[in-house]
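Raw target.txt, compact mmCIF, C-alpha atoms:
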```txt
# COMPACT_ATOMS: atom_id res chain seq x y z
CA MET A 1458 32.71 73.45 12.92
CA VAL A 1459 32.59 71.62 16.26
CA GLU A 1460 35.51 69.22 16.63
CA LEU A 1461 34.60 65.57 17.05
CA ASN A 1462 35.38 64.47 20.60
CA GLU A 1463 34.21 61.96 23.21
CA LYS A 1464 31.70 64.41 24.68
CA LYS A 1465 30.09 64.92 21.28
CA ILE A 1466 29.82 61.16 20.75
CA PHE A 1467 28.40 60.76 24.25
CA GLU A 1468 25.65 63.32 23.54
CA CYS A 1469 24.93 61.67 20.21
CA ILE A 1470 24.37 58.30 21.91
CA GLU A 1471 22.11 59.83 24.57
CA ASN A 1472 19.93 61.43 21.86
CA ASN A 1473 19.60 58.16 19.94
CA TYR A 1474 19.69 55.80 22.89
CA SER A 1475 17.11 53.19 21.86
CA SER A 1476 18.48 52.65 18.34
CA PHE A 1477 22.05 52.68 19.58
CA GLN A 1478 21.51 50.30 22.50
CA GLU A 1479 19.57 47.82 20.37
CA THR A 1480 22.50 47.60 17.92
CA PHE A 1481 25.15 47.79 20.65
CA TYR A 1482 23.62 44.97 22.71
CA LYS A 1483 23.08 42.89 19.58
CA ILE A 1484 26.80 43.13 18.79
CA LYS A 1485 27.93 42.34 22.34
CA ILE A 1486 25.59 39.33 22.43
CA GLU A 1487 26.88 38.04 19.08
CA ILE A 1488 30.54 38.40 20.08
CA LEU A 1489 30.11 36.63 23.42
CA VAL A 1490 27.92 33.90 21.93
CA ASP A 1491 30.25 33.31 18.97
CA VAL A 1492 33.35 32.89 21.17
CA TYR A 1493 31.29 30.70 23.53
CA LYS A 1494 29.94 28.44 20.75
CA LYS A 1495 33.03 28.21 18.52
CA PHE A 1496 35.73 27.90 21.14
CA THR A 1497 34.99 27.49 24.81
CA LYS A 1498 31.38 26.66 25.83
CA ASP A 1499 32.24 28.80 28.86
CA LEU A 1500 31.82 32.59 29.02
CA ASP A 1501 34.58 33.10 31.61
CA GLU A 1502 36.98 31.25 29.30
CA ALA A 1503 35.70 33.37 26.40
CA ASN A 1504 36.54 36.52 28.37
CA ILE A 1505 40.06 35.23 29.09
CA ILE A 1506 40.59 34.49 25.38
CA ILE A 1507 39.53 38.07 24.59
CA TYR A 1508 42.12 39.32 27.10
CA PHE A 1509 44.95 37.25 25.57
CA ASN A 1510 44.00 38.41 22.09
CA LYS A 1511 44.04 42.04 23.23
CA GLU A 1512 47.50 41.59 24.72
CA PHE A 1513 48.75 40.04 21.49
CA HIS A 1514 47.51 43.04 19.50
CA LYS A 1515 49.50 45.17 21.94
CA SER A 1516 52.60 43.09 21.11
CA ILE A 1517 51.98 43.68 17.40
CA LEU A 1518 51.67 47.44 17.94
CA ASN A 1519 54.93 47.40 19.92
CA GLN A 1520 56.70 46.28 16.73
CA LYS A 1521 56.16 49.83 15.45
CA THR A 1522 58.66 50.99 18.08
CA PHE A 1523 61.45 49.36 16.07
CA ASN A 1524 59.93 49.28 12.58
CA LEU A 1525 57.46 51.99 11.54
CA ASN A 1526 56.62 49.98 8.42
CA TYR A 1527 55.55 46.89 10.34
CA ASP A 1528 52.33 45.51 8.84
CA ILE A 1529 49.54 45.60 11.45
CA SER A 1530 46.79 44.60 9.00
CA TYR A 1531 44.57 41.58 9.41
CA ASN A 1532 46.34 39.97 6.44
CA ASN A 1533 49.56 39.84 8.46
CA TYR A 1534 47.96 38.67 11.71
CA TRP A 1535 48.98 35.01 11.48
CA ASN A 1536 52.51 35.89 10.36
CA SER A 1537 52.77 37.97 13.52
CA ILE A 1538 51.62 35.01 15.60
CA LYS A 1539 54.52 32.97 14.17
CA ASN A 1540 57.19 35.67 14.36
CA ILE A 1541 56.58 37.75 17.46
CA ASN A 1542 58.01 36.61 20.78
CA GLN A 1543 55.06 37.18 23.10
CA GLN A 1544 55.45 38.34 26.67
CA ASN A 1545 54.45 36.03 29.49
CA ILE A 1546 51.04 36.96 30.90
CA LYS A 1547 50.50 36.73 34.66
CA ILE A 1548 47.40 35.29 36.28
CA ILE A 1549 47.03 38.38 38.48
CA ASP A 1550 46.96 40.68 35.42
CA ILE A 1551 44.21 38.59 33.78
CA SER A 1552 42.26 38.68 37.04
CA LYS A 1553 42.51 42.47 37.34
CA GLU A 1554 41.33 43.15 33.80
CA THR A 1555 38.59 40.53 33.53
CA GLY A 1556 37.25 40.88 37.07
CA LEU A 1557 37.53 37.11 37.61
CA PRO A 1558 39.02 35.69 40.86
CA LYS A 1559 42.65 34.55 40.54
CA GLU A 1560 41.88 30.91 41.30
CA THR A 1561 39.12 30.90 38.67
CA VAL A 1562 41.54 32.38 36.13
CA ARG A 1563 44.21 29.81 36.98
CA ARG A 1564 41.79 26.92 36.54
CA LYS A 1565 40.29 28.30 33.31
CA VAL A 1566 43.73 28.98 31.80
CA ASP A 1567 44.70 25.34 32.42
CA LEU A 1568 41.55 24.24 30.58
CA LEU A 1569 42.27 26.60 27.68
CA VAL A 1570 45.78 25.15 27.34
CA LYS A 1571 44.25 21.64 27.20
CA LYS A 1572 41.84 22.85 24.49
CA LYS A 1573 44.87 24.24 22.56
CA LEU A 1574 43.48 27.77 22.57
CA LEU A 1575 46.43 28.94 24.66
CA SER A 1576 50.00 27.66 24.61
CA ARG A 1577 52.29 27.02 27.56
CA VAL A 1578 56.07 26.62 27.47
CA LYS A 1579 57.38 25.97 30.98
CA ASN A 1580 55.74 28.77 32.98
CA LYS A 1581 55.04 31.02 30.00
CA ILE A 1582 51.41 31.23 28.82
CA TYR A 1583 50.49 32.99 25.60
CA TRP A 1584 47.92 33.24 22.80
CA LYS A 1585 48.58 30.77 20.01
CA PRO A 1586 45.56 28.72 18.91
CA GLY A 1587 46.12 25.33 17.30
CA GLU A 1588 45.90 24.95 13.52
CA LYS A 1589 42.43 23.38 13.72
CA LEU A 1590 41.06 26.51 15.41
CA ILE A 1591 42.48 29.08 12.98
CA LYS A 1592 39.54 28.68 10.57
CA ASN A 1593 37.09 29.32 13.42
CA TYR A 1594 39.06 32.40 14.44
CA ASN A 1595 39.11 33.79 10.89
CA GLU A 1596 35.34 33.35 10.54
CA LEU A 1597 34.79 34.99 13.92
CA ALA A 1598 37.16 37.92 13.21
CA GLU A 1599 35.54 38.62 9.84
CA LYS A 1600 32.08 38.68 11.39
CA GLN A 1601 33.18 40.85 14.33
CA VAL A 1602 34.83 43.46 12.10
CA LYS A 1603 31.68 43.57 9.96
CA ILE A 1604 29.25 44.11 12.82
CA VAL A 1605 31.48 46.63 14.62
CA SER A 1606 31.76 48.54 11.32
CA GLN A 1607 27.97 48.66 11.20
CA LEU A 1608 27.87 50.18 14.69
CA ILE A 1609 30.39 52.88 13.70
CA ASN A 1610 28.33 53.47 10.55
CA LEU A 1611 25.23 53.95 12.72
CA LEU A 1612 27.07 56.48 14.90
CA SER A 1613 28.20 58.40 11.81
CA HIS A 1614 24.55 58.73 10.72
CA PHE A 1615 23.58 60.00 14.17
CA LEU A 1616 26.30 62.64 13.80
CA ASP A 1617 24.86 63.62 10.37
CA LYS A 1618 28.18 62.64 8.78
CA PRO A 1619 27.40 59.23 7.26
CA VAL A 1620 30.30 56.94 6.42
CA ASN A 1621 29.90 53.77 4.37
CA SER A 1622 30.29 50.65 6.56
CA GLU A 1623 32.44 48.99 3.86
CA GLU A 1624 34.90 51.89 4.05
CA ILE A 1625 35.03 51.50 7.83
CA LYS A 1626 35.56 47.74 7.51
CA ASP A 1627 38.43 48.26 5.05
CA GLU A 1628 40.04 50.80 7.38
CA ILE A 1629 39.80 48.43 10.36
CA ASN A 1630 41.26 45.51 8.39
CA LYS A 1631 44.12 47.68 7.13
CA LEU A 1632 45.10 48.78 10.66
CA TYR A 1633 43.59 45.77 12.38
CA SER A 1634 45.77 45.53 15.48
CA PHE A 1635 45.42 49.25 16.22
CA TYR A 1636 41.63 49.22 16.10
CA TRP A 1637 41.19 45.79 17.64
CA PHE A 1638 43.49 46.54 20.57
CA HIS A 1639 41.30 49.55 21.44
CA TYR A 1640 38.11 47.64 20.76
CA LEU A 1641 39.03 44.66 22.97
CA SER A 1642 40.34 46.98 25.70
CA SER A 1643 36.96 48.74 25.70
CA PHE A 1644 35.13 45.43 25.62
CA LEU A 1645 37.00 44.15 28.70
CA THR A 1646 36.34 47.40 30.59
CA TRP A 1647 32.67 47.18 29.69
CA CYS A 1648 32.49 43.53 30.83
CA LYS A 1649 34.24 44.35 34.10
CA ASN A 1650 31.78 47.21 34.73
CA TRP A 1651 28.93 44.73 34.36
CA GLN A 1652 30.64 42.07 36.47
CA SER A 1653 31.00 44.54 39.34
CA LYS A 1654 27.18 44.51 39.41
CA ILE A 1655 26.39 40.96 38.24
CA PRO A 1656 29.41 38.66 38.82
CA ASP A 1657 28.15 36.10 36.31
CA LEU A 1658 28.70 36.48 32.55
CA GLU A 1659 25.85 34.10 31.69
CA MET A 1660 23.42 36.26 33.68
CA ILE A 1661 24.80 39.37 31.97
CA LEU A 1662 24.30 37.80 28.54
CA ILE A 1663 20.73 36.81 29.46
CA PHE A 1664 19.99 40.33 30.71
CA LEU A 1665 21.40 41.83 27.49
CA GLN A 1666 19.11 39.66 25.38
CA CYS A 1667 16.05 40.81 27.33
CA SER A 1668 17.20 44.45 27.22
CA LYS A 1669 17.85 44.35 23.47
CA ASN A 1670 14.20 43.44 22.90
CA THR A 1671 13.06 46.31 25.12
CA PHE A 1672 15.19 48.87 23.24
CA ALA A 1673 13.93 47.48 19.93
CA TYR A 1674 10.39 48.03 21.22
CA PHE A 1675 11.07 51.68 22.09
CA LYS A 1676 12.90 52.25 18.83
CA LYS A 1677 9.81 50.97 16.98
CA ASN A 1678 7.67 53.39 19.01
CA LYS A 1679 10.09 56.27 18.24
CA ILE A 1680 11.11 56.83 21.85
CA GLU A 1681 14.81 57.46 21.31
CA LYS A 1682 16.24 59.93 23.81
CA LEU A 1683 17.72 58.68 27.06
CA SER A 1684 15.98 61.54 28.90
CA ASN A 1685 12.60 60.19 27.71
CA LEU A 1686 13.47 56.60 28.56
CA THR A 1687 14.27 57.61 32.14
CA THR A 1688 10.95 59.42 32.56
CA LYS A 1689 8.89 56.91 34.49
CA ASN A 1690 5.56 58.61 33.76
CA LEU A 1691 6.16 58.03 30.04
CA THR A 1692 7.67 54.56 29.97
CA SER A 1693 5.27 53.04 32.53
CA LYS A 1694 2.36 53.58 30.11
CA TYR A 1695 3.70 51.23 27.45
CA ASN A 1696 2.75 47.59 26.93
CA TYR A 1697 5.93 45.53 26.99
CA GLN A 1698 4.36 42.39 25.56
CA GLU A 1699 6.17 42.84 22.23
CA SER A 1700 9.51 42.72 24.00
CA HIS A 1701 8.90 39.52 25.99
CA ILE A 1702 11.36 36.66 25.46
CA SER A 1703 11.23 33.03 26.60
CA ALA A 1704 13.92 30.96 28.27
CA SER A 1705 13.80 28.62 25.25
CA SER A 1706 14.55 31.48 22.83
CA ILE A 1707 17.49 32.66 24.92
CA SER A 1708 18.84 29.11 25.15
CA LEU A 1709 18.51 28.58 21.39
CA SER A 1710 20.32 31.80 20.47
CA SER A 1711 23.01 31.69 23.17
CA GLY A 1712 23.76 27.98 23.45
CA ILE A 1713 23.29 28.17 27.24
CA PRO A 1714 21.25 25.12 28.44
CA ARG A 1715 17.54 25.93 28.89
CA SER A 1716 17.52 24.80 32.54
CA THR A 1717 20.41 27.21 33.26
CA CYS A 1718 18.58 30.03 31.46
CA ILE A 1719 15.42 29.46 33.54
CA ARG A 1720 17.39 29.41 36.79
CA LYS A 1721 19.29 32.60 35.98
CA LEU A 1722 16.25 34.40 34.57
CA ASN A 1723 14.38 33.72 37.80
CA LYS A 1724 17.34 35.00 39.80
CA LEU A 1725 17.30 38.23 37.76
CA VAL A 1726 13.57 38.52 38.55
CA ARG A 1727 14.23 38.06 42.29
CA LEU A 1728 16.89 40.77 42.07
CA ASN A 1729 14.23 43.04 40.51
CA ILE A 1730 16.31 43.44 37.35
CA LEU A 1731 13.88 41.63 35.04
CA LYS A 1732 10.13 40.98 35.22
CA LYS A 1733 8.15 37.88 34.37
CA ASP A 1734 4.76 38.05 32.67
CA LYS A 1735 2.29 35.95 34.69
CA LYS A 1736 0.26 34.93 31.62
CA THR A 1737 2.94 34.17 29.03
CA LYS A 1738 5.65 33.10 31.54
CA LYS A 1739 8.09 35.15 29.43
CA TYR A 1740 10.62 37.68 30.65
CA TYR A 1741 11.32 41.33 29.92
CA PHE A 1742 13.27 44.37 31.06
CA ASP A 1743 10.88 47.05 32.33
CA ILE A 1744 12.69 50.25 31.45
CA SER A 1745 10.42 52.30 33.73
CA THR A 1746 12.50 50.88 36.62
CA ILE A 1747 15.82 51.84 34.98
CA ASN A 1748 16.88 54.23 37.77
CA GLU A 1749 15.81 51.97 40.63
CA SER A 1750 18.61 49.41 40.37
CA SER A 1751 22.38 49.71 40.72
CA ILE A 1752 22.56 47.53 37.59
CA THR A 1753 20.90 50.12 35.34
CA ASN A 1754 21.09 53.43 37.20
CA LYS A 1755 22.57 56.62 35.79
CA LYS A 1756 26.13 56.05 37.03
CA THR A 1757 26.24 52.55 35.56
CA ARG A 1758 24.83 53.73 32.22
CA LEU A 1759 27.37 56.54 31.97
CA ASN A 1760 30.27 54.20 32.78
CA ASN A 1761 29.12 51.72 30.14
CA ILE A 1762 28.94 54.41 27.44
CA LYS A 1763 32.30 55.85 28.48
CA SER A 1764 34.00 52.45 28.25
CA PHE A 1765 33.68 52.56 24.44
CA SER A 1766 33.74 56.32 23.76
CA PHE A 1767 37.47 56.47 22.95
CA PHE A 1768 37.17 53.54 20.53
CA TYR A 1769 34.30 55.30 18.75
CA LEU A 1770 36.38 58.45 18.53
CA VAL A 1771 39.47 56.81 16.99
CA SER A 1772 37.25 54.84 14.57
CA LEU A 1773 35.37 57.88 13.30
CA LYS A 1774 38.19 60.43 13.16
CA PRO A 1775 39.77 59.14 9.91
CA PHE A 1776 36.46 59.77 8.15
CA ILE A 1777 35.03 62.84 9.89
CA LYS A 1778 37.21 65.89 9.60
```
What's the structure tokens form of this structure?
Amino acid sequence: MVELNEKKIFECIENNYSSFQETFYKIKIEILVDVYKKFTKDLDEANIIIYFNKEFHKSILNQKTFNLNYDISYNNYWNSIKNINQQNIKIIDISKETGLPKETVRRKVDLLVKKKLLSRVKNKIYWKPGEKLIKNYNELAEKQVKIVSQLINLLSHFLDKPVNSEEIKDEINKLYSFYWFHYLSSFLTWCKNWQSKIPDLEMILIFLQCSKNTFAYFKKNKIEKLSNLTTKNLTSKYNYQESHISASSISLSSGIPRSTCIRKLNKLVRLNILKKDKKTKKYYFDISTINESSITNKKTRLNNIKSFSFFYLVSLKPFIK
């Protein structure tokens, strides 16, 4: 039997690329939109919150150094918030991991303290949301664990070793800080990869929404393999009309103002990342141009898959022997 490893998972994703990317992008969109709508109304602030949460999970895992029986489950998460003395987080460290300029980070952190999403004691800044926001966090965490479990379930089916998504969800909740530390670390790496190409999270979110529709279209037409999707002679023959999306639809689902969506969609068109249908005035990602842009070329695609490959591996290993 071939041992499960990152290479095997990588090949599995390449062979089921359309189905995987549709689900993957859907999850990333939901997570960014949920944090944006429930907490910040600002995607850069949302990214900073994700960083602080990741660092707090690291603090929880560090408790195992002194107490192997320390409870790292989701049920003990808020007890940990009260009892663990968190390390001070430096602006420069946030900047390095999120890809945001230091001055932007400094300004956004000040706003997050005012919103009571972060706490500050003298010069120490740490993750401790106010009581009013705990309900929002619990709802968000429950939804995130559920949809990430569905992605792992999908991967297990691609590997011909199906695992029930409820089992995966239970496993994640039981060892919540372990899995969520790795998940958020991967998420931040993935975001930073994108920001090195498009230094604007709103534009990235808009691109993802257009791309999700394109992958759904190819999934419906049973074009799954990455090697087929990068064959221009094949993909250029398809009618993309089913995958078109309007600025109004993006605004409604994301919460980003419609005028902002239109402006950023048109910028993505000028950058030759998206296309605009002249008749419908809607937008779409033409996958036949996938290798012609630094945003979607082979190196970028490989880096984006690799950013999550270790998380997939640690999530599947308890179930696939």
Need to verify the contact set: A:Ile1609, 8 Å, all atoms listed in the file, exclusion of same-chain residues closer than 6 positions in sequence. Can you return it as a PDB file with C-alpha atoms, in the coordinates of the input?
```
ATOM      1  CA  SER A1622      30.290  50.650   6.560  1.00  0.00           C
ATOM      2  CA  ILE A1625      35.030  51.500   7.830  1.00  0.00           C
ATOM      3  CA  TYR A1769      34.300  55.300  18.750  1.00  0.00           C
ATOM      4  CA  SER A1772      37.250  54.840  14.570  1.00  0.00           C
ATOM      5  CA  LEU A1773      35.370  57.880  13.300  1.00  0.00           C
TER       6      LEU A1773
END
```
Requested in this report: Write out as a PyMOL selection string the residues lying within 9 Å of A:Lys1572, counting only C-alpha atoms and excluding same-chain residues fewer than 4 positions away.
Outcome: chain A and resi 1496-1497+1567-1568+1586-1587
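With only C-alpha atoms as the atoms that count, the residue of A:Leu1658, A:Ile1680, A:Leu1686, A:Ile1629 with the shortest distance to A:Ile1604 is A:Ile1629.
Remark: for A:Thr1480, the closest of the candidate residues A:Lys1676, A:Arg1727, A:His1701, A:Lys1721 is A:Lys1676 (distances computed over all atoms listed in the file).
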Report summary line: In Å and to one decimal, atom CA of A:Leu1590 is distant from atom CA of A:His1639 by 23.8 Å
Query raised in the report: Given the choices A:Lys1774, A:Lys1603, A:Lys1669, A:Lys1689, which gets closest to A:Lys1483 if the distance is worked out from only C-alpha atoms?
Result: A:Lys1669
Once 6 Å is added on each side, what centre and edge lengths in Å to one decimal does the axis-aligned box around all listed atoms of stretch 1600-1607 of chain A have, as JSON?
```
{"center_x": 31.4, "center_y": 43.7, "center_z": 12.3, "size_x": 18.9, "size_y": 22.0, "size_z": 16.7}
```
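Atom CA of A:Tyr1508 sits 14.6 Å away from atom CA of A:Thr1561.
The two atoms in question, atom CA of A:Trp1535 and atom CA of A:Ile1517, are spaced 10.9 Å apart.
Within 9 Å of A:Trp1651, once all atoms listed in the file are used and residues closer than 3 positions along the same chain are dropped, the contacting residues are A:Thr1646, A:Trp1647, A:Cys1648, A:Lys1654, A:Ile1655, A:Pro1656, A:Asp1657, A:Leu1658, A:Ile1661, A:Ile1752, A:Thr1757, A:Asn1761.
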Requested in this report: Extract, using only C-alpha atoms, all DNA, RNA and protein residues at most 9 Å from A:Glu1659, discarding same-chain residues fewer than 5 positions from it, and format them as a ChimeraX atom specification.
Outcome: /A:1499-1501,1664,1713,1717-1718,1721
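The closest residue to A:Asn1593, picked from A:Asn1462, A:Phe1467, A:Tyr1493, A:Tyr1741 and counting all atoms listed in the file, is A:Tyr1493.
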**Report entry** Non-local contacts of A:Asn1580 (10 Å; all atoms listed in the file; under 6 positions in same chain excluded) as a PyMOL selection string
**Finding:** chain A and resi 1545-1547
Query raised in the report: Nearest to A:Asn1690 among A:Ser1516, A:Asn1621, A:Ser1708, A:Thr1746, with distances taken over all atoms listed in the file: which residue is it?
Result: A:Thr1746
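With all atoms listed in the file as the basis for measurement, A:Asn1685 is the residue among A:Ser1552, A:Asn1536, A:Asn1685, A:Ser1634 that approaches A:Ile1744 most closely.
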